[in-house]
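File shown: start_35.cif. Contents: mmCIF, C-alpha atoms and all ligand atoms.
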```
data_protein
loop_
_atom_site.label_atom_id
_atom_site.label_comp_id
_atom_site.auth_asym_id
_atom_site.auth_seq_id
_atom_site.Cartn_x
_atom_site.Cartn_y
_atom_site.Cartn_z
CA MET A 15 31.88 -26.52 2.93
CA LYS A 16 34.29 -23.94 4.26
CA ILE A 17 34.44 -23.68 8.05
CA MET A 18 34.88 -20.12 9.29
CA LEU A 19 34.96 -20.75 13.01
CA GLN A 20 35.49 -23.93 14.95
CA THR A 21 35.62 -24.67 18.64
CA ASP A 22 36.97 -27.96 19.97
CA LYS A 23 35.92 -28.92 23.48
CA ILE A 24 36.31 -25.46 24.89
CA LYS A 25 35.94 -25.09 28.63
CA PHE A 26 35.85 -21.97 30.72
CA SER A 27 35.38 -21.26 34.43
CA TYR A 28 34.82 -18.09 36.39
CA ASN A 29 36.59 -18.58 39.70
CA GLN A 30 36.05 -22.25 40.40
CA GLU A 31 32.72 -22.48 38.66
CA GLU A 32 32.76 -24.21 35.28
CA ILE A 33 30.60 -22.20 32.89
CA LEU A 34 31.43 -23.82 29.53
CA LYS A 35 31.72 -27.57 29.74
CA GLY A 36 33.32 -28.57 26.46
CA ILE A 37 31.71 -26.83 23.50
CA ASP A 38 32.22 -28.27 20.01
CA LEU A 39 31.08 -26.08 17.16
CA GLN A 40 31.63 -25.81 13.46
CA ILE A 41 30.37 -22.63 11.89
CA LYS A 42 30.18 -22.53 8.13
CA SER A 43 31.46 -19.55 6.23
CA GLY A 44 28.56 -17.27 5.28
CA SER A 45 26.11 -18.71 7.78
CA PHE A 46 23.77 -16.81 10.11
CA ILE A 47 23.77 -18.46 13.53
CA GLY A 48 21.65 -17.72 16.59
CA ILE A 49 22.89 -18.75 20.02
CA ILE A 50 19.96 -19.08 22.38
CA GLY A 51 19.44 -20.44 25.87
CA PRO A 52 18.17 -19.41 29.28
CA ASN A 53 19.81 -16.84 31.55
CA ALA A 54 23.24 -17.88 32.78
CA SER A 55 23.50 -20.78 30.33
CA GLY A 56 26.84 -19.37 29.12
CA LYS A 57 25.92 -17.62 25.84
CA SER A 58 27.91 -14.42 26.43
CA THR A 59 30.81 -16.40 27.85
CA LEU A 60 30.88 -18.55 24.72
CA LEU A 61 30.87 -15.47 22.49
CA LYS A 62 33.74 -13.98 24.53
CA ASN A 63 35.70 -17.22 24.21
CA MET A 64 35.14 -17.26 20.47
CA SER A 65 36.43 -13.71 20.11
CA LYS A 66 39.38 -14.00 22.49
CA THR A 67 37.82 -11.41 24.80
CA LEU A 68 38.26 -14.23 27.31
CA GLN A 69 40.96 -16.87 27.03
CA VAL A 70 39.63 -20.45 27.04
CA ASP A 71 40.79 -22.64 29.93
CA SER A 72 41.13 -25.65 27.67
CA GLY A 73 40.19 -26.64 24.14
CA THR A 74 40.85 -24.68 20.99
CA VAL A 75 39.23 -22.10 18.76
CA TYR A 76 40.08 -21.85 15.07
CA LEU A 77 39.25 -18.91 12.87
CA ASN A 78 39.62 -19.64 9.20
CA HIS A 79 41.54 -22.83 10.10
CA LYS A 80 44.12 -20.90 12.09
CA LEU A 81 44.35 -21.02 15.87
CA LEU A 82 42.69 -17.98 17.37
CA ASN A 83 45.65 -17.61 19.71
CA ASP A 84 47.98 -17.27 16.73
CA TYR A 85 46.28 -14.07 15.59
CA SER A 86 47.67 -10.75 16.80
CA SER A 87 44.96 -8.43 18.07
CA LEU A 88 45.22 -6.22 14.96
CA GLU A 89 45.06 -9.21 12.65
CA LEU A 90 42.05 -10.54 14.53
CA ALA A 91 40.27 -7.19 14.34
CA ARG A 92 40.52 -7.33 10.55
CA LYS A 93 38.82 -10.71 10.50
CA MET A 94 36.33 -10.54 13.32
CA ALA A 95 34.23 -7.74 14.83
CA VAL A 96 32.21 -7.86 18.01
CA VAL A 97 29.13 -5.90 18.97
CA PRO A 98 29.02 -6.28 22.75
CA GLN A 99 25.94 -6.37 24.93
CA ASN A 100 26.57 -2.98 26.42
CA THR A 101 26.99 -0.46 23.65
CA GLU A 102 27.28 2.59 25.90
CA VAL A 103 30.17 4.69 24.67
CA SER A 104 31.99 6.49 27.45
CA PHE A 105 33.16 9.46 25.35
CA ASN A 106 30.78 11.72 23.58
CA PHE A 107 32.27 11.52 20.07
CA ASN A 108 30.26 12.22 16.97
CA VAL A 109 28.94 9.34 14.89
CA TYR A 110 31.44 9.75 12.06
CA ASP A 111 34.42 9.55 14.44
CA ILE A 112 32.97 6.53 16.21
CA ILE A 113 32.52 4.66 12.94
CA MET A 114 35.99 5.72 11.78
CA MET A 115 37.38 3.99 14.92
CA GLY A 116 36.54 0.74 13.14
CA ARG A 117 39.38 1.55 10.72
CA HIS A 118 42.07 1.56 13.44
CA PRO A 119 43.22 -2.01 12.69
CA TYR A 120 44.21 -0.81 9.21
CA GLN A 121 45.90 2.49 10.11
CA LYS A 122 49.63 2.79 10.62
CA ARG A 123 50.66 4.66 13.71
CA TRP A 124 51.18 8.17 12.25
CA SER A 125 49.52 7.75 8.90
CA GLY A 126 46.08 9.14 9.77
CA ILE A 127 42.93 8.56 7.81
CA SER A 128 43.36 7.36 4.23
CA LYS A 129 41.10 7.81 1.21
CA ASN A 130 40.21 4.14 1.46
CA ASP A 131 39.22 4.54 5.13
CA LYS A 132 36.85 7.35 4.16
CA LYS A 133 35.42 5.31 1.30
CA ILE A 134 34.73 2.34 3.57
CA VAL A 135 33.21 4.49 6.30
CA ASN A 136 30.89 6.09 3.75
CA GLU A 137 29.95 2.66 2.46
CA VAL A 138 29.07 1.31 5.92
CA MET A 139 27.19 4.49 6.81
CA GLU A 140 25.09 3.96 3.74
CA VAL A 141 24.28 0.32 4.41
CA THR A 142 23.47 0.99 8.07
CA ASP A 143 21.53 4.14 7.27
CA THR A 144 23.68 6.22 9.61
CA PHE A 145 24.87 8.82 7.10
CA LYS A 146 22.26 11.31 8.24
CA LEU A 147 23.45 10.90 11.83
CA ARG A 148 27.14 11.46 11.07
CA SER A 149 27.47 14.86 12.79
CA LYS A 150 25.38 13.95 15.82
CA LEU A 151 26.97 13.13 19.14
CA ILE A 152 26.58 9.49 20.11
CA LYS A 153 24.84 10.39 23.34
CA GLU A 154 22.14 12.24 21.42
CA LEU A 155 21.00 9.07 19.65
CA SER A 156 18.10 6.76 20.41
CA GLY A 157 18.88 3.16 21.37
CA GLY A 158 18.12 1.89 17.88
CA GLU A 159 20.24 4.56 16.20
CA ARG A 160 23.14 3.91 18.56
CA GLN A 161 22.96 0.21 17.83
CA ARG A 162 23.19 0.87 14.09
CA VAL A 163 26.24 3.10 14.67
CA ILE A 164 27.98 0.41 16.72
CA ILE A 165 27.24 -2.14 14.00
CA ALA A 166 28.59 0.35 11.44
CA ARG A 167 31.81 0.68 13.45
CA ALA A 168 32.13 -3.10 13.50
CA LEU A 169 31.54 -3.25 9.73
CA ALA A 170 34.21 -0.60 9.14
CA GLN A 171 36.66 -3.26 10.36
CA LYS A 172 35.71 -5.17 7.20
CA PRO A 173 35.46 -8.42 9.11
CA ASN A 174 34.60 -11.87 7.79
CA VAL A 175 32.74 -12.70 11.00
CA LEU A 176 30.46 -10.52 13.06
CA LEU A 177 29.61 -11.56 16.62
CA LEU A 178 26.76 -9.81 18.39
CA ASP A 179 25.60 -10.17 21.97
CA GLU A 180 21.87 -9.48 22.25
CA PRO A 181 21.88 -6.71 19.66
CA THR A 182 18.18 -5.97 20.06
CA SER A 183 17.62 -6.42 23.78
CA SER A 184 16.72 -2.81 24.52
CA LEU A 185 14.93 -2.03 21.28
CA ASP A 186 11.26 -1.82 20.42
CA ILE A 187 9.87 -4.32 17.91
CA ASN A 188 10.27 -2.00 14.97
CA TYR A 189 13.97 -1.45 15.65
CA GLN A 190 14.42 -5.15 16.40
CA ALA A 191 13.19 -6.09 12.95
CA GLU A 192 15.28 -3.31 11.43
CA ILE A 193 18.48 -4.65 13.01
CA TYR A 194 17.72 -8.22 11.98
CA ASP A 195 16.85 -7.09 8.45
CA LEU A 196 20.21 -5.34 8.32
CA LEU A 197 22.01 -8.46 9.58
CA ASN A 198 20.17 -10.54 7.03
CA TYR A 199 21.22 -8.14 4.27
CA LEU A 200 24.87 -8.26 5.39
CA ASN A 201 24.75 -12.02 5.55
CA GLN A 202 23.21 -12.35 2.09
CA LYS A 203 24.87 -9.56 0.16
CA TRP A 204 28.22 -9.20 1.91
CA ASP A 205 28.54 -12.90 2.68
CA LEU A 206 29.31 -11.99 6.27
CA THR A 207 29.27 -14.87 8.76
CA ILE A 208 27.03 -13.75 11.60
CA ILE A 209 26.74 -15.20 15.07
CA THR A 210 24.28 -13.55 17.38
CA VAL A 211 23.28 -14.26 20.95
CA SER A 212 19.63 -13.60 21.55
CA HIS A 213 16.80 -14.17 23.96
CA ASP A 214 14.23 -13.67 21.26
CA LEU A 215 13.38 -17.14 20.02
CA ASN A 216 10.89 -15.93 17.44
CA LEU A 217 13.25 -13.41 15.88
CA THR A 218 16.11 -15.89 15.69
CA ALA A 219 13.77 -18.55 14.31
CA GLN A 220 12.76 -16.13 11.62
CA TYR A 221 16.19 -15.00 10.53
CA CYS A 222 18.89 -17.50 11.53
CA GLU A 223 19.59 -20.56 9.41
CA GLN A 224 20.93 -22.44 12.41
CA LEU A 225 20.19 -22.20 16.11
CA ILE A 226 22.43 -23.39 18.92
CA LEU A 227 20.57 -23.96 22.15
CA LEU A 228 22.82 -23.77 25.20
CA ASN A 229 21.90 -25.18 28.56
CA GLU A 230 24.11 -25.09 31.63
CA GLY A 231 27.26 -24.60 29.59
CA GLU A 232 26.54 -27.38 27.10
CA ILE A 233 24.97 -27.57 23.66
CA PHE A 234 21.53 -29.00 24.23
CA ALA A 235 20.40 -28.87 20.61
CA SER A 236 21.64 -27.48 17.35
CA GLY A 237 20.12 -27.31 13.88
CA SER A 238 17.34 -25.54 12.02
CA ALA A 239 14.71 -23.59 13.96
CA GLU A 240 12.26 -26.45 13.40
CA GLU A 241 14.70 -28.95 14.87
CA VAL A 242 15.72 -26.90 17.88
CA LEU A 243 12.54 -25.09 18.86
CA THR A 244 10.38 -28.00 19.89
CA GLU A 245 7.94 -27.94 22.79
CA GLU A 246 9.98 -30.68 24.52
CA ASN A 247 13.30 -28.83 24.19
CA ILE A 248 11.83 -25.63 25.52
CA ARG A 249 10.11 -27.39 28.40
CA GLU A 250 13.36 -29.13 29.33
CA VAL A 251 15.67 -26.13 29.02
CA TYR A 252 13.51 -23.11 29.87
CA LYS A 253 11.08 -24.95 32.15
CA ALA A 254 8.28 -23.24 30.27
CA GLU A 255 5.16 -24.48 28.55
CA VAL A 256 4.85 -23.11 25.06
CA LEU A 257 2.70 -23.51 22.05
CA ILE A 258 4.59 -23.79 18.79
CA LYS A 259 2.81 -22.97 15.58
CA SER A 260 4.08 -22.24 12.17
CA ASN A 261 4.32 -18.52 11.45
CA PRO A 262 1.90 -18.19 8.53
CA LEU A 263 3.98 -15.49 6.89
CA SER A 264 7.32 -17.28 6.97
CA ASP A 265 6.49 -20.93 7.77
CA LYS A 266 9.09 -20.75 10.58
CA PRO A 267 8.17 -21.89 14.09
CA PHE A 268 6.40 -19.28 16.16
CA ILE A 269 6.41 -19.66 19.91
CA THR A 270 3.76 -18.47 22.30
CA LEU A 271 4.27 -18.81 26.01
CA ILE A 272 1.41 -20.43 27.85
CA PRO A 273 1.19 -18.58 31.14
CA GLU A 274 0.86 -20.89 34.14
CA VAL A 275 -2.45 -19.31 35.09
CA ASN A 276 -3.94 -20.35 31.78
CA LYS A 277 -3.66 -23.95 32.77
CA PHE A 278 -6.31 -23.31 35.41
CA LYS A 279 -8.46 -20.96 33.42
CA LYS A 280 -11.32 -21.93 31.20
CA LYS A 281 -10.69 -21.56 27.49
CA LYS A 282 -11.56 -18.09 26.25
CA GLU A 283 -15.33 -17.70 25.83
CA LYS A 284 -16.47 -17.74 22.24
CA LYS A 285 -18.95 -15.17 20.99
CA GLU A 286 -22.32 -16.18 19.58
CA PHE A 287 -21.70 -14.29 16.33
CA LYS A 288 -20.84 -16.70 13.50
CA ILE A 289 -18.84 -15.70 10.46
CA HIS A 290 -18.41 -17.75 7.33
CA ILE A 291 -15.34 -16.87 5.25
CA ILE A 292 -14.88 -17.45 1.55
CA ALA A 293 -11.24 -17.08 0.67
CA GLY A 294 -8.20 -18.83 -0.77
CA GLY A 295 -4.59 -18.29 -1.73
CA GLY A 296 -3.68 -16.80 1.62
CA THR A 297 -6.00 -13.81 1.19
CA ALA A 298 -7.61 -14.38 4.58
CA LYS A 299 -4.82 -15.73 6.75
CA LYS A 300 -4.11 -12.48 8.56
CA PHE A 301 -7.69 -11.74 9.48
CA ILE A 302 -8.59 -15.33 10.39
CA TYR A 303 -6.10 -15.09 13.27
CA LYS A 304 -7.51 -11.76 14.34
CA LEU A 305 -11.13 -12.87 14.26
CA ASP A 306 -10.38 -16.13 16.05
CA ASN A 307 -8.53 -14.20 18.71
CA LEU A 308 -11.48 -11.88 19.17
CA GLY A 309 -13.64 -14.91 19.85
CA TYR A 310 -15.80 -15.04 16.72
CA ARG A 311 -17.08 -18.47 15.69
CA LEU A 312 -15.60 -19.06 12.28
CA SER A 313 -16.15 -21.39 9.40
CA ILE A 314 -14.53 -21.33 5.97
CA GLY A 315 -15.06 -22.94 2.60
CA VAL A 316 -14.63 -24.21 0.05
CA LEU A 317 -10.85 -24.25 0.41
CA ASN A 318 -8.24 -26.28 -1.37
CA ILE A 319 -6.31 -28.66 0.83
CA GLY A 320 -2.83 -27.24 1.39
CA ASP A 321 -3.83 -23.67 0.57
CA ALA A 322 -2.29 -21.04 2.90
CA ASP A 323 -5.72 -20.08 4.28
CA TRP A 324 -6.55 -23.75 4.77
CA GLN A 325 -3.37 -24.19 6.85
CA VAL A 326 -4.17 -21.29 9.14
CA ALA A 327 -7.81 -22.35 9.51
CA ARG A 328 -6.74 -25.88 10.34
CA GLU A 329 -4.22 -24.74 12.95
CA LEU A 330 -6.89 -22.71 14.67
CA GLY A 331 -9.47 -25.49 14.56
CA VAL A 332 -11.84 -23.51 12.30
CA GLU A 333 -14.55 -25.59 10.64
CA ILE A 334 -13.54 -26.07 6.99
CA VAL A 335 -15.18 -27.36 3.85
CA GLU A 336 -12.15 -28.61 1.99
CA ALA A 337 -11.55 -29.80 -1.54
CA PRO A 338 -8.66 -31.43 -3.35
CA PRO A 339 -6.68 -28.90 -5.38
CA PHE A 340 -6.69 -28.58 -9.20
CA ILE A 341 -10.26 -29.82 -9.75
CA ASP A 342 -13.57 -27.99 -9.74
CA ILE A 343 -15.44 -27.77 -6.46
CA SER A 344 -17.94 -30.64 -6.34
CA ASP A 345 -21.70 -30.47 -5.69
CA ASN A 346 -21.25 -32.15 -2.38
CA GLU A 347 -18.69 -29.56 -1.27
CA ILE A 348 -21.00 -26.76 -2.40
CA LYS A 349 -23.80 -28.32 -0.36
CA ARG A 350 -21.65 -28.49 2.76
CA ASN A 351 -20.50 -24.93 2.21
CA LYS A 352 -24.13 -23.84 2.06
CA GLU A 353 -24.90 -25.58 5.33
CA LEU A 354 -22.21 -23.52 7.04
CA ILE A 355 -23.33 -20.31 5.33
CA GLU A 356 -26.87 -20.90 6.55
CA LYS A 357 -25.70 -21.18 10.13
CA SER A 358 -23.65 -17.98 9.91
CA ASP A 359 -24.59 -14.40 10.78
CA LEU A 360 -22.19 -12.86 8.30
CA ILE A 361 -20.30 -13.88 5.17
CA ILE A 362 -16.90 -12.41 4.37
CA LEU A 363 -15.60 -12.70 0.83
CA SER A 364 -11.88 -11.93 0.62
CA ASP A 365 -10.20 -10.52 -2.48
CA LEU A 366 -9.42 -13.97 -3.87
CA PRO A 367 -8.90 -14.70 -7.55
CA PHE A 368 -11.56 -16.73 -9.38
CA GLY A 369 -11.03 -19.48 -11.90
CA HIS A 370 -13.06 -22.50 -13.07
CA GLY A 371 -12.10 -24.43 -9.98
CA ASN A 372 -13.57 -22.05 -7.43
CA ILE A 373 -16.18 -19.93 -9.22
CA ALA A 374 -18.84 -21.82 -7.27
CA ASN A 375 -17.58 -19.94 -4.21
CA LEU A 376 -18.76 -16.68 -5.74
CA GLU A 377 -21.95 -18.06 -7.32
CA VAL A 378 -23.15 -19.37 -4.00
CA LEU A 379 -23.56 -15.82 -2.71
CA LEU A 380 -26.40 -15.22 -5.18
CA ASP A 381 -28.53 -17.59 -3.08
CA TYR A 382 -28.14 -15.58 0.11
CA ALA A 383 -29.40 -12.09 -0.65
CA ASN A 384 -30.74 -11.83 2.89
CA LYS A 385 -27.48 -12.54 4.65
CA PRO A 386 -25.14 -9.68 5.61
CA LYS A 387 -21.95 -9.77 3.58
CA ILE A 388 -18.63 -7.99 3.55
CA LEU A 389 -16.93 -8.11 0.18
CA PHE A 390 -13.30 -7.01 -0.13
CA SER A 391 -13.18 -4.59 -3.02
CA ASN A 392 -9.67 -3.23 -2.73
CA LEU A 393 -8.55 -5.35 -5.66
CA ASN A 394 -10.70 -4.81 -8.72
CA ILE A 395 -12.71 -7.89 -9.77
CA GLU A 396 -11.41 -7.63 -13.37
CA LYS A 397 -7.91 -8.28 -12.10
CA ARG A 398 -9.05 -11.37 -10.23
CA ASP A 399 -11.20 -12.82 -12.97
CA TYR A 400 -9.42 -15.67 -14.73
CA ILE A 401 -12.52 -16.94 -16.54
CA LYS A 402 -13.07 -14.32 -19.18
CA GLY A 403 -15.49 -12.05 -17.39
CA LYS A 404 -17.65 -14.73 -15.78
CA ALA A 405 -16.60 -13.76 -12.27
CA GLU A 406 -17.11 -10.10 -13.08
CA LYS A 407 -20.62 -10.82 -14.32
CA ILE A 408 -21.59 -12.61 -11.11
CA TRP A 409 -20.00 -9.90 -9.03
CA ASN A 410 -21.97 -7.18 -10.83
CA LYS A 411 -25.19 -9.17 -10.50
CA LEU A 412 -24.59 -9.49 -6.80
CA LEU A 413 -24.03 -5.77 -6.41
CA GLU A 414 -27.24 -5.03 -8.34
CA GLU A 415 -29.52 -7.48 -6.57
CA ASP A 416 -28.24 -7.64 -3.06
CA ASP A 417 -28.84 -4.88 -0.51
CA ASN A 418 -26.93 -6.64 2.21
CA ILE A 419 -23.46 -5.98 0.90
CA VAL A 420 -20.78 -3.85 2.51
CA LEU A 421 -17.92 -3.21 0.10
CA LEU A 422 -14.65 -2.88 1.92
CA ASN A 423 -11.84 -1.04 0.27
CA ASP A 424 -9.70 -0.66 3.34
CA LYS A 425 -8.98 -4.00 5.02
CA SER A 426 -8.00 -2.35 8.27
CA GLN A 427 -11.67 -1.41 8.68
CA LEU A 428 -12.81 -5.04 8.79
CA ILE A 429 -13.23 -5.36 12.55
CA SER A 430 -15.10 -2.08 12.92
CA GLU A 431 -17.44 -3.09 10.08
CA ILE A 432 -18.10 -6.44 11.74
CA LYS A 433 -18.83 -4.71 15.04
CA LYS A 434 -21.38 -2.47 13.32
CA LEU A 435 -23.15 -5.50 11.88
CA GLU A 436 -22.98 -7.35 15.15
CA ASN A 437 -24.88 -4.64 17.03
N1 LIG B 501 32.74 -11.72 35.25
C1 LIG B 501 32.14 -12.75 35.82
N2 LIG B 501 32.57 -13.24 36.99
C2 LIG B 501 32.00 -14.31 37.57
N3 LIG B 501 30.94 -14.98 37.03
C3 LIG B 501 30.46 -14.53 35.88
C4 LIG B 501 31.03 -13.42 35.21
N4 LIG B 501 30.34 -13.23 34.06
C5 LIG B 501 29.37 -14.18 34.02
N5 LIG B 501 29.43 -14.97 35.10
C6 LIG B 501 28.58 -16.11 35.39
O1 LIG B 501 28.69 -17.06 34.34
C7 LIG B 501 27.45 -17.68 34.07
C8 LIG B 501 27.16 -17.56 32.58
O2 LIG B 501 27.03 -16.18 32.28
P1 LIG B 501 26.79 -15.68 30.80
O3 LIG B 501 26.74 -14.19 30.86
O4 LIG B 501 27.73 -16.30 29.88
O5 LIG B 501 25.35 -16.30 30.54
P2 LIG B 501 24.26 -15.91 29.46
O6 LIG B 501 23.71 -17.18 28.97
O7 LIG B 501 24.83 -14.96 28.46
O8 LIG B 501 23.23 -15.20 30.39
P3 LIG B 501 22.16 -14.04 30.12
O9 LIG B 501 21.15 -14.60 29.19
O10 LIG B 501 21.58 -13.81 31.45
O11 LIG B 501 22.87 -12.85 29.55
C9 LIG B 501 26.43 -16.98 34.96
O12 LIG B 501 26.18 -17.81 36.07
C10 LIG B 501 27.14 -15.73 35.39
O13 LIG B 501 26.73 -15.33 36.68
#
```
Translate the structure described by the file into structure tokens.
Amino acid sequence: MKIMLQTDKIKFSYNQEEILKGIDLQIKSGSFIGIIGPNASGKSTLLKNMSKTLQVDSGTVYLNHKLLNDYSSLELARKMAVVPQNTEVSFNFNVYDIIMMGRHPYQKRWSGISKNDKKIVNEVMEVTDTFKLRSKLIKELSGGERQRVIIARALAQKPNVLLLDEPTSSLDINYQAEIYDLLNYLNQKWDLTIITVSHDLNLTAQYCEQLILLNEGEIFASGSAEEVLTEENIREVYKAEVLIKSNPLSDKPFITLIPEVNKFKKKKEKKEFKIHIIAGGGTAKKFIYKLDNLGYRLSIGVLNIGDADWQVARELGVEIVEAPPFIDISDNEIKRNKELIEKSDLIILSDLPFGHGNIANLEVLLDYANKPKILFSNLNIEKRDYIKGKAEKIWNKLLEEDDNIVLLNDKSQLISEIKKLEN
């Protein structure tokens, strides 16, 4: 394991106030690290100490096994680039010139811009998608565009390590994801070591392989998102009550703040309308959340234990008829599924694939011609039939015999269709 950056017991004070109280860190080459922590915990100060923007009071910082203090500023700029918190540029240069500034550490005093400089600037403009902005003045750009340009300038330095201080703090969620996707790409494809300070626990949990949680100038916890983002750690450090679930799309922790007022409020009222879902393989996980959130009473079955839909349903406390995986659904499970269907006002059949194991989930619908049903039809049944046309046959029979079916091609219409049936 190659260590790119190491800090040994670094301490730093502003005036007489000690802000960093002895930070020990070892950052692996090629890692993607998130530094998190409450306001004033010392995150920016740590970043500045690691980049020699501020000189440590005591302790040492090593970059690539060499003392940071032994690097000249030009040498350091070829190894490490910093994207500061405030990316306002005081002069109104155009984007190309700003990015070209990243090449200064490589240019001799009177030599001007070389072919190689141009090649590298073009390369970073491409990866940061800033080529189309190259003639624009920096002050004409949106916050997200400006941030990409500043990252491009940092990349033009061709560093081994990129330090960023809250790179997405003023961006909307779309730009936030765009910046983190870019960082992820640079980390994976360019093998860039990335250290970013952030307030966004969910974004860092999603993207960073290691989180460092600072509290009052000390490392409170460090490790994977699962290790660091626990309800206890957050309560202790942020003094906040949170709910931590697993993000169903990434399996990373996902944090929801529980507002204080909620502690005194009754749980959200549930609607009377009951929906039974037949799904599997993660085909329902997105809409289960949505329906639960809207207050519908949900049940689901028959689902294999461990299936992605099963996990989401279980997290939300949805009533489930569950079955062990890899064997056919049993009569008893079918019976229990029917009991839930009978109690429901609507059945939703997602666009799940059918095999021997779960064909009973489709067959069961033939017994409920009188019950309203929404069948996802965006994915043709032939493509989901793994039992030589048997599923297709049942599907066609259903469509012929049952007048209570709404076929739904466009999943985004699900809620409006349910509302129609509800009224
Ligand atoms: N230039 C300065 N002079 C004096 N004190 C400072 C200076 N910069 C920061 N501080 C203080 O140092 C402490 C740590 O600040 P720092 O910016 O490192 O925290 P942070 O964790 O990055 O905070 P935030 O999340 O609010 O950005 C704070 O109490 C802050 O007021």
- Message: Please compute the atom O7 of ligand LIG 501 (chain B)-atom CA of A:Gln99 distance, one decimal, in Å.
- Response: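 We find that atom O7 of ligand LIG 501 (chain B) and atom CA of A:Gln99 lie 9.4 Å from each other.
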- Atom pair atom O6 of ligand LIG 501 (chain B) / atom CA of A:Val103: separation (Å):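 Those two atoms sit 23.2 Å apart.
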- Taking into account only C-alpha atoms, which residue in the set A:Ile41, A:Leu227, A:Ala219, A:Met18 is nearest to A:Ile258?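 So, comparing all the options, the nearest one is A:Ala219.
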- Rounded to one decimal in Å, what is the spacing between atom CA of A:Leu366 and atom CA of A:Leu263? 17.3 Å
- Please give me, as a PyMOL selection string, the residues lying within 8 Å of ligand LIG 501 (chain B) when counting all atoms listed in the file. chain A and resi 27-29+31+33+50-60+211-213+228+231
- Long-range neighbours of stretch 388-395 of chain A as a list in words, 8 Å cut-off, only C-alpha atoms, 4 positions minimum in chain: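 Once the nearby chain positions are removed, what remains is Leu360, Ile361, Ile362, Leu363, Ser364, Asp365, Asp399, Ala405, Glu406, Trp409, Ile419, Val420, Leu421, Leu422, Asn423, Asp424 and Lys425 of chain A.
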Residues near A:Ala166, anyone? I mean within 12 Å using all atoms listed in the file, not counting same-chain ones fewer than 5 positions away, as a short mmCIF file (atom, residue, chain, number, x, y, z; two decimals) with C-alpha atoms, in the frame of the given file.
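Listing of part-v2.cif after writing:
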```cif
data_model
loop_
_atom_site.label_atom_id
_atom_site.label_comp_id
_atom_site.auth_asym_id
_atom_site.auth_seq_id
_atom_site.Cartn_x
_atom_site.Cartn_y
_atom_site.Cartn_z
CA ALA A 95 34.23 -7.74 14.83
CA VAL A 96 32.21 -7.86 18.01
CA VAL A 97 29.13 -5.90 18.97
CA VAL A 109 28.94 9.34 14.89
CA TYR A 110 31.44 9.75 12.06
CA ASP A 111 34.42 9.55 14.44
CA ILE A 112 32.97 6.53 16.21
CA ILE A 113 32.52 4.66 12.94
CA MET A 114 35.99 5.72 11.78
CA MET A 115 37.38 3.99 14.92
CA GLY A 116 36.54 0.74 13.14
CA ARG A 117 39.38 1.55 10.72
CA ILE A 134 34.73 2.34 3.57
CA VAL A 135 33.21 4.49 6.30
CA ASN A 136 30.89 6.09 3.75
CA GLU A 137 29.95 2.66 2.46
CA VAL A 138 29.07 1.31 5.92
CA MET A 139 27.19 4.49 6.81
CA GLU A 140 25.09 3.96 3.74
CA VAL A 141 24.28 0.32 4.41
CA THR A 142 23.47 0.99 8.07
CA ASP A 143 21.53 4.14 7.27
CA THR A 144 23.68 6.22 9.61
CA PHE A 145 24.87 8.82 7.10
CA LEU A 147 23.45 10.90 11.83
CA ARG A 148 27.14 11.46 11.07
CA GLU A 159 20.24 4.56 16.20
CA ARG A 160 23.14 3.91 18.56
CA GLN A 161 22.96 0.21 17.83
CA GLN A 171 36.66 -3.26 10.36
CA LYS A 172 35.71 -5.17 7.20
CA PRO A 173 35.46 -8.42 9.11
CA LEU A 176 30.46 -10.52 13.06
CA ILE A 193 18.48 -4.65 13.01
CA LEU A 196 20.21 -5.34 8.32
CA LEU A 197 22.01 -8.46 9.58
CA LEU A 200 24.87 -8.26 5.39
#
```
- Task: Could you give me, as a ChimeraX atom specification, the residues within 12 Å of A:Asp323, counting all atoms listed in the file and dropping anything in the same chain fewer than 5 positions from it?
- Result: /A:262-263,291-303,313-318,328-330,332,334-336,364,366
- Task: Give as a ChimeraX atom specification the set of residues within 12 Å of the point (44.8, -17.3, 20.4), where distances use the file's coordinates and all atoms listed in the file.
- Result: /A:21,63-77,80-87,89-90
Generate the output file for the selected residues, C-alpha atoms, as an mmCIF file, keeping the file's coordinate frame.
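That gives us result28.cif:
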```cif
data_model
loop_
_atom_site.group_PDB
_atom_site.id
_atom_site.type_symbol
_atom_site.label_atom_id
_atom_site.label_comp_id
_atom_site.auth_asym_id
_atom_site.auth_seq_id
_atom_site.Cartn_x
_atom_site.Cartn_y
_atom_site.Cartn_z
ATOM 1 C CA THR A 21 35.620 -24.670 18.640
ATOM 2 C CA ASN A 63 35.700 -17.220 24.210
ATOM 3 C CA MET A 64 35.140 -17.260 20.470
ATOM 4 C CA SER A 65 36.430 -13.710 20.110
ATOM 5 C CA LYS A 66 39.380 -14.000 22.490
ATOM 6 C CA THR A 67 37.820 -11.410 24.800
ATOM 7 C CA LEU A 68 38.260 -14.230 27.310
ATOM 8 C CA GLN A 69 40.960 -16.870 27.030
ATOM 9 C CA VAL A 70 39.630 -20.450 27.040
ATOM 10 C CA ASP A 71 40.790 -22.640 29.930
ATOM 11 C CA SER A 72 41.130 -25.650 27.670
ATOM 12 C CA GLY A 73 40.190 -26.640 24.140
ATOM 13 C CA THR A 74 40.850 -24.680 20.990
ATOM 14 C CA VAL A 75 39.230 -22.100 18.760
ATOM 15 C CA TYR A 76 40.080 -21.850 15.070
ATOM 16 C CA LEU A 77 39.250 -18.910 12.870
ATOM 17 C CA LYS A 80 44.120 -20.900 12.090
ATOM 18 C CA LEU A 81 44.350 -21.020 15.870
ATOM 19 C CA LEU A 82 42.690 -17.980 17.370
ATOM 20 C CA ASN A 83 45.650 -17.610 19.710
ATOM 21 C CA ASP A 84 47.980 -17.270 16.730
ATOM 22 C CA TYR A 85 46.280 -14.070 15.590
ATOM 23 C CA SER A 86 47.670 -10.750 16.800
ATOM 24 C CA SER A 87 44.960 -8.430 18.070
ATOM 25 C CA GLU A 89 45.060 -9.210 12.650
ATOM 26 C CA LEU A 90 42.050 -10.540 14.530
#
```
